[in-house]
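Student: Take a look at run.txt, compact mmCIF, N, CA and C atoms:
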# COMPACT_ATOMS: atom_id res chain seq x y z
N MET A 295 97.53 107.73 86.83
CA MET A 295 97.36 109.10 87.28
C MET A 295 97.21 109.15 88.81
N MET A 296 96.36 108.30 89.33
CA MET A 296 96.12 108.27 90.77
C MET A 296 97.35 107.81 91.54
N LEU A 297 98.14 106.92 90.92
CA LEU A 297 99.31 106.36 91.59
C LEU A 297 100.32 107.44 91.97
N LYS A 298 100.52 108.43 91.10
CA LYS A 298 101.49 109.48 91.41
C LYS A 298 101.01 110.33 92.60
N HIS A 299 99.70 110.53 92.73
CA HIS A 299 99.18 111.28 93.87
C HIS A 299 99.34 110.48 95.17
N VAL A 300 99.16 109.17 95.06
CA VAL A 300 99.36 108.30 96.23
C VAL A 300 100.83 108.33 96.64
N ALA A 301 101.72 108.25 95.66
CA ALA A 301 103.15 108.30 95.96
C ALA A 301 103.54 109.63 96.59
N ASN A 302 103.01 110.73 96.05
CA ASN A 302 103.28 112.04 96.64
C ASN A 302 102.74 112.12 98.07
N GLY A 303 101.55 111.58 98.29
CA GLY A 303 100.97 111.58 99.64
C GLY A 303 101.78 110.75 100.61
N TYR A 304 102.28 109.61 100.14
CA TYR A 304 103.10 108.75 101.00
C TYR A 304 104.39 109.47 101.42
N VAL A 305 105.08 110.04 100.44
CA VAL A 305 106.33 110.76 100.74
C VAL A 305 106.02 111.92 101.68
N ALA A 306 104.97 112.69 101.37
CA ALA A 306 104.61 113.84 102.20
C ALA A 306 104.34 113.43 103.65
N LYS A 307 103.57 112.36 103.82
CA LYS A 307 103.23 111.89 105.18
C LYS A 307 104.49 111.50 105.95
N GLU A 308 105.37 110.76 105.32
CA GLU A 308 106.59 110.32 105.99
C GLU A 308 107.51 111.50 106.32
N ILE A 309 107.62 112.43 105.40
CA ILE A 309 108.50 113.59 105.63
C ILE A 309 107.90 114.51 106.68
N ILE A 310 106.58 114.66 106.70
CA ILE A 310 105.94 115.46 107.76
C ILE A 310 106.26 114.85 109.12
N ASN A 311 106.12 113.54 109.23
CA ASN A 311 106.43 112.87 110.50
C ASN A 311 107.88 113.09 110.91
N SER A 312 108.77 113.13 109.93
CA SER A 312 110.18 113.37 110.21
C SER A 312 110.45 114.82 110.58
N SER A 313 109.69 115.74 110.00
CA SER A 313 109.94 117.17 110.21
C SER A 313 109.42 117.70 111.54
N LEU A 314 108.35 117.12 112.05
CA LEU A 314 107.70 117.68 113.24
C LEU A 314 108.61 117.81 114.47
N PRO A 315 109.41 116.77 114.82
CA PRO A 315 110.31 116.97 115.97
C PRO A 315 111.33 118.08 115.74
N LYS A 316 111.75 118.27 114.50
CA LYS A 316 112.71 119.33 114.18
C LYS A 316 112.06 120.70 114.33
N VAL A 317 110.86 120.83 113.79
CA VAL A 317 110.15 122.10 113.85
C VAL A 317 109.79 122.44 115.30
N LYS A 318 109.43 121.43 116.08
CA LYS A 318 109.04 121.64 117.48
C LYS A 318 110.25 121.84 118.39
N ASN A 319 111.47 121.78 117.80
CA ASN A 319 112.71 122.01 118.55
C ASN A 319 112.93 120.96 119.63
N ASP A 320 112.62 119.71 119.30
CA ASP A 320 112.75 118.59 120.23
C ASP A 320 114.19 118.44 120.70
N GLU A 321 114.35 118.32 122.00
CA GLU A 321 115.69 118.25 122.61
C GLU A 321 116.49 117.04 122.14
N GLN A 322 115.86 115.87 122.12
CA GLN A 322 116.56 114.66 121.70
C GLN A 322 116.99 114.74 120.22
N THR A 323 116.12 115.27 119.38
CA THR A 323 116.44 115.42 117.97
C THR A 323 117.59 116.41 117.79
N ALA A 324 117.56 117.50 118.54
CA ALA A 324 118.63 118.50 118.47
C ALA A 324 119.96 117.88 118.89
N ARG A 325 119.93 117.04 119.91
CA ARG A 325 121.15 116.36 120.37
C ARG A 325 121.68 115.42 119.29
N GLN A 326 120.77 114.70 118.64
CA GLN A 326 121.19 113.79 117.56
C GLN A 326 121.81 114.57 116.40
N PHE A 327 121.24 115.71 116.07
CA PHE A 327 121.80 116.54 115.00
C PHE A 327 123.20 117.04 115.37
N LYS A 328 123.36 117.45 116.63
CA LYS A 328 124.65 117.97 117.09
C LYS A 328 125.69 116.86 117.18
N ASP A 329 125.33 115.76 117.84
CA ASP A 329 126.29 114.67 118.06
C ASP A 329 126.58 113.88 116.79
N GLY A 330 125.54 113.60 116.01
CA GLY A 330 125.71 112.76 114.84
C GLY A 330 126.23 113.47 113.61
N PHE A 331 125.83 114.74 113.45
CA PHE A 331 126.14 115.43 112.20
C PHE A 331 126.82 116.78 112.40
N ASN A 332 127.04 117.16 113.66
CA ASN A 332 127.66 118.46 113.98
C ASN A 332 126.87 119.61 113.37
N LEU A 333 125.54 119.52 113.48
CA LEU A 333 124.66 120.57 112.98
C LEU A 333 123.94 121.24 114.15
N SER A 334 123.78 122.53 114.05
CA SER A 334 123.18 123.31 115.13
C SER A 334 121.66 123.09 115.20
N ARG A 335 121.12 123.54 116.29
CA ARG A 335 119.67 123.51 116.50
C ARG A 335 118.96 124.34 115.42
N ASN A 336 119.55 125.47 115.06
CA ASN A 336 118.96 126.32 114.02
C ASN A 336 118.95 125.60 112.67
N ALA A 337 120.02 124.89 112.34
CA ALA A 337 120.07 124.11 111.09
C ALA A 337 119.01 123.02 111.11
N MET A 338 118.83 122.39 112.26
CA MET A 338 117.80 121.35 112.40
C MET A 338 116.42 121.93 112.15
N ARG A 339 116.12 123.07 112.76
CA ARG A 339 114.80 123.69 112.59
C ARG A 339 114.58 124.14 111.15
N LEU A 340 115.61 124.68 110.51
CA LEU A 340 115.50 125.10 109.12
C LEU A 340 115.20 123.89 108.23
N ALA A 341 115.90 122.79 108.46
CA ALA A 341 115.64 121.56 107.71
C ALA A 341 114.20 121.09 107.93
N GLY A 342 113.74 121.15 109.16
CA GLY A 342 112.38 120.75 109.48
C GLY A 342 111.34 121.60 108.77
N PHE A 343 111.56 122.91 108.74
CA PHE A 343 110.62 123.80 108.06
C PHE A 343 110.61 123.53 106.55
N PHE A 344 111.80 123.33 105.97
CA PHE A 344 111.86 123.02 104.54
C PHE A 344 111.11 121.73 104.24
N GLU A 345 111.31 120.72 105.08
CA GLU A 345 110.61 119.44 104.90
C GLU A 345 109.10 119.62 105.03
N LEU A 346 108.68 120.33 106.04
CA LEU A 346 107.25 120.52 106.30
C LEU A 346 106.58 121.28 105.15
N ILE A 347 107.17 122.39 104.74
CA ILE A 347 106.59 123.19 103.67
C ILE A 347 106.62 122.41 102.35
N GLY A 348 107.74 121.73 102.08
CA GLY A 348 107.82 120.91 100.87
C GLY A 348 106.77 119.82 100.86
N SER A 349 106.51 119.23 102.00
CA SER A 349 105.49 118.18 102.11
C SER A 349 104.09 118.73 101.84
N ILE A 350 103.84 119.92 102.32
CA ILE A 350 102.54 120.55 102.06
C ILE A 350 102.36 120.76 100.55
N PHE A 351 103.43 121.19 99.89
CA PHE A 351 103.36 121.33 98.43
C PHE A 351 103.09 119.99 97.76
N LEU A 352 103.74 118.92 98.23
CA LEU A 352 103.47 117.60 97.66
C LEU A 352 102.01 117.20 97.85
N LEU A 353 101.46 117.49 99.01
CA LEU A 353 100.05 117.17 99.25
C LEU A 353 99.13 117.95 98.31
N MET A 354 99.58 119.08 97.84
CA MET A 354 98.79 119.91 96.93
C MET A 354 98.98 119.49 95.47
N SER A 355 99.62 118.36 95.25
CA SER A 355 99.91 117.91 93.88
C SER A 355 98.66 117.71 93.03
N VAL A 356 97.52 117.48 93.66
CA VAL A 356 96.28 117.31 92.91
C VAL A 356 95.87 118.61 92.20
N PHE A 357 96.45 119.74 92.62
CA PHE A 357 96.13 121.02 92.02
C PHE A 357 97.05 121.41 90.87
N GLY A 358 98.13 120.63 90.67
CA GLY A 358 99.00 120.94 89.54
C GLY A 358 100.43 120.45 89.72
N LYS A 359 101.10 120.34 88.60
CA LYS A 359 102.47 119.84 88.58
C LYS A 359 103.45 120.79 89.26
N LYS A 360 103.15 122.06 89.23
CA LYS A 360 104.05 123.06 89.81
C LYS A 360 104.25 122.80 91.31
N PHE A 361 103.19 122.37 91.99
CA PHE A 361 103.29 122.09 93.42
C PHE A 361 104.22 120.90 93.68
N VAL A 362 104.14 119.88 92.83
CA VAL A 362 105.02 118.71 92.97
C VAL A 362 106.47 119.14 92.79
N ARG A 363 106.71 119.95 91.80
CA ARG A 363 108.08 120.39 91.51
C ARG A 363 108.66 121.19 92.67
N ILE A 364 107.89 122.13 93.19
CA ILE A 364 108.37 122.95 94.31
C ILE A 364 108.62 122.08 95.53
N GLY A 365 107.65 121.23 95.87
CA GLY A 365 107.79 120.36 97.04
C GLY A 365 108.96 119.41 96.91
N THR A 366 109.12 118.84 95.73
CA THR A 366 110.21 117.89 95.50
C THR A 366 111.56 118.57 95.67
N VAL A 367 111.71 119.74 95.09
CA VAL A 367 112.99 120.45 95.21
C VAL A 367 113.28 120.79 96.66
N MET A 368 112.29 121.31 97.37
CA MET A 368 112.50 121.68 98.78
C MET A 368 112.90 120.47 99.62
N ILE A 369 112.17 119.38 99.47
CA ILE A 369 112.46 118.18 100.26
C ILE A 369 113.79 117.57 99.85
N ASN A 370 114.08 117.52 98.54
CA ASN A 370 115.31 116.87 98.10
C ASN A 370 116.56 117.66 98.44
N ILE A 371 116.43 118.96 98.64
CA ILE A 371 117.58 119.72 99.15
C ILE A 371 117.96 119.18 100.53
N VAL A 372 116.97 119.05 101.38
CA VAL A 372 117.22 118.54 102.74
C VAL A 372 117.69 117.09 102.69
N LEU A 373 117.03 116.27 101.88
CA LEU A 373 117.41 114.86 101.80
C LEU A 373 118.82 114.69 101.23
N GLY A 374 119.18 115.51 100.27
CA GLY A 374 120.53 115.45 99.71
C GLY A 374 121.59 115.74 100.77
N VAL A 375 121.33 116.76 101.58
CA VAL A 375 122.25 117.08 102.68
C VAL A 375 122.26 115.94 103.70
N ALA A 376 121.09 115.37 103.99
CA ALA A 376 121.02 114.26 104.95
C ALA A 376 121.82 113.07 104.45
N ILE A 377 121.70 112.75 103.19
CA ILE A 377 122.46 111.63 102.62
C ILE A 377 123.95 111.90 102.76
N PHE A 378 124.37 113.11 102.38
CA PHE A 378 125.78 113.48 102.49
C PHE A 378 126.26 113.39 103.93
N LYS A 379 125.48 113.93 104.87
CA LYS A 379 125.88 113.92 106.28
C LYS A 379 125.95 112.50 106.85
N HIS A 380 125.03 111.63 106.43
CA HIS A 380 125.10 110.23 106.88
C HIS A 380 126.38 109.57 106.36
N LEU A 381 126.69 109.80 105.11
CA LEU A 381 127.90 109.22 104.53
C LEU A 381 129.15 109.80 105.19
N GLU A 382 129.15 111.10 105.40
CA GLU A 382 130.27 111.79 106.04
C GLU A 382 130.50 111.28 107.47
N ALA A 383 129.40 110.96 108.16
CA ALA A 383 129.49 110.49 109.55
C ALA A 383 129.87 109.01 109.63
N GLY A 384 130.00 108.36 108.47
CA GLY A 384 130.41 106.96 108.46
C GLY A 384 129.27 105.98 108.59
N HIS A 385 128.04 106.42 108.42
CA HIS A 385 126.88 105.54 108.53
C HIS A 385 126.69 104.68 107.29
N GLY A 386 127.33 105.06 106.20
CA GLY A 386 127.25 104.30 104.96
C GLY A 386 125.87 104.36 104.34
N LEU A 387 125.68 103.51 103.35
CA LEU A 387 124.40 103.47 102.64
C LEU A 387 123.27 103.01 103.55
N LYS A 388 123.61 102.14 104.50
CA LYS A 388 122.59 101.64 105.43
C LYS A 388 122.01 102.79 106.27
N GLY A 389 122.87 103.70 106.71
CA GLY A 389 122.43 104.83 107.52
C GLY A 389 121.61 105.84 106.73
N SER A 390 121.87 105.93 105.44
CA SER A 390 121.15 106.90 104.62
C SER A 390 120.03 106.27 103.80
N LYS A 391 119.69 105.03 104.14
CA LYS A 391 118.69 104.27 103.37
C LYS A 391 117.34 104.99 103.27
N GLY A 392 116.83 105.49 104.37
CA GLY A 392 115.53 106.17 104.36
C GLY A 392 115.56 107.41 103.49
N ALA A 393 116.59 108.23 103.66
CA ALA A 393 116.70 109.45 102.86
C ALA A 393 116.83 109.11 101.38
N LEU A 394 117.60 108.07 101.07
CA LEU A 394 117.77 107.65 99.68
C LEU A 394 116.44 107.19 99.07
N LYS A 395 115.64 106.49 99.86
CA LYS A 395 114.35 105.99 99.37
C LYS A 395 113.43 107.15 98.98
N TYR A 396 113.30 108.12 99.87
CA TYR A 396 112.40 109.24 99.60
C TYR A 396 112.97 110.16 98.52
N PHE A 397 114.29 110.30 98.48
CA PHE A 397 114.94 111.09 97.44
C PHE A 397 114.62 110.47 96.08
N GLY A 398 114.76 109.15 95.98
CA GLY A 398 114.48 108.45 94.73
C GLY A 398 113.03 108.56 94.31
N LEU A 399 112.11 108.38 95.25
CA LEU A 399 110.68 108.53 94.94
C LEU A 399 110.37 109.95 94.46
N ASN A 400 110.98 110.92 95.10
CA ASN A 400 110.76 112.30 94.69
C ASN A 400 111.29 112.56 93.29
N ILE A 401 112.44 111.99 92.96
CA ILE A 401 113.00 112.16 91.62
C ILE A 401 112.04 111.57 90.59
N LEU A 402 111.52 110.37 90.86
CA LEU A 402 110.57 109.75 89.94
C LEU A 402 109.32 110.62 89.77
N ASN A 403 108.81 111.15 90.86
CA ASN A 403 107.62 112.01 90.80
C ASN A 403 107.92 113.30 90.03
N PHE A 404 109.12 113.84 90.23
CA PHE A 404 109.51 115.06 89.54
C PHE A 404 109.60 114.82 88.03
N VAL A 405 110.25 113.72 87.65
CA VAL A 405 110.38 113.37 86.23
C VAL A 405 109.01 113.18 85.61
N GLU A 406 108.10 112.58 86.36
CA GLU A 406 106.74 112.36 85.87
C GLU A 406 106.05 113.70 85.52
N THR A 407 106.38 114.75 86.26
CA THR A 407 105.75 116.05 85.97
C THR A 407 106.26 116.64 84.67
N MET A 408 107.37 116.15 84.16
CA MET A 408 107.94 116.67 82.92
C MET A 408 107.29 116.03 81.68
N ARG A 409 106.62 114.93 81.87
CA ARG A 409 105.94 114.28 80.75
C ARG A 409 104.69 115.06 80.38
N LYS A 410 104.33 115.00 79.14
CA LYS A 410 103.13 115.74 78.70
C LYS A 410 101.90 114.89 78.78
What is this structure when it is put down as structure tokens?

Tutor:
Amino acid sequence: MMLKHVANGYVAKEIINSSLPKVKNDEQTARQFKDGFNLSRNAMRLAGFFELIGSIFLLMSVFGKKFVRIGTVMINIVLGVAIFKHLEAGHGLKGSKGALKYFGLNILNFVETMRK
């Protein structure tokens, strides 16, 4: 029981760290989004907000399964796009490794919420 909360906290912490430069409209991050993935500054900020809000929901997992489900869906939408964009940009599986790791952990946590 405690392990799933630790896993949710780990994913949330890592995704929050990833989201903050996007939410803060960091110039270097915006340049990476534009040059690497041909995504606008607004798309970057939207992704950052989705990640941040989804992470907050994951941190609230101790209050119920519904929070895990909402947070997982929000984060995995962004991670799914990130995986696709890394592959599209030619970075391969190595470039999308981090996103794949958190996407997989989120899927496991989501499936766990479906058990009775």

Student: Quick one: everything within 8 Å of region 301-313 of chain A, counting only N, CA and C atoms, minus sequence neighbours fewer than 6 positions away in the same chain. Send it as a list in words.

Tutor: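 Surrounding residues, per the criterion: Asn319, Ala341, Gly342, Phe343, Phe344, Glu345, Leu346, Ile347, Gly348, Ser349, Ile350, Phe351, Leu352, Leu353, Met354, Ser355, Val362, Tyr396, Leu399, Asn400 and Asn403 of chain A.
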
Student: For the atom pair CA of Ala383 (chain A) and CA of Val367 (chain A), what is the interatomic distance in Å to one decimal place?

Tutor: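 Separation between CA of Ala383 (chain A) and CA of Val367 (chain A): 24.0 Å.
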
Student: By how many Å are atom C of Phe357 (chain A) and CA of Leu314 (chain A) apart?

Tutor: 25.1 Å

Student: Ranking A:Asn332, A:Thr407, A:His385, A:Phe397 by minimum distance to Gly358 (chain A) and counting all atoms listed in the file, which one comes first?

Tutor: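 The shortest atom-to-atom distance to Gly358 (chain A) comes from A:Thr407.
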
Student: When you draw a straight line from CA of Lys328 (chain A) to CA of Lys395 (chain A), how long is it in Å?

Tutor: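 Interatomic distance here is 23.7 Å.
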
Student: Compile the contact shell of Phe378 (chain A) as a VMD selection string: residues with an atom at most 12 Å away, counting only C-alpha atoms, same-chain residues fewer than 4 positions apart removed.

Tutor: chain A and resid 331 370 to 374 382 to 387 389 to 391 393 to 394

Student: Which residue is closest to Phe404 (chain A)? Choose from A:Lys316, A:Lys298, A:Lys388, A:Ala376 and count only C-alpha atoms.

Tutor: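 Using only C-alpha atoms, Phe404 (chain A) sits closest to A:Lys298.
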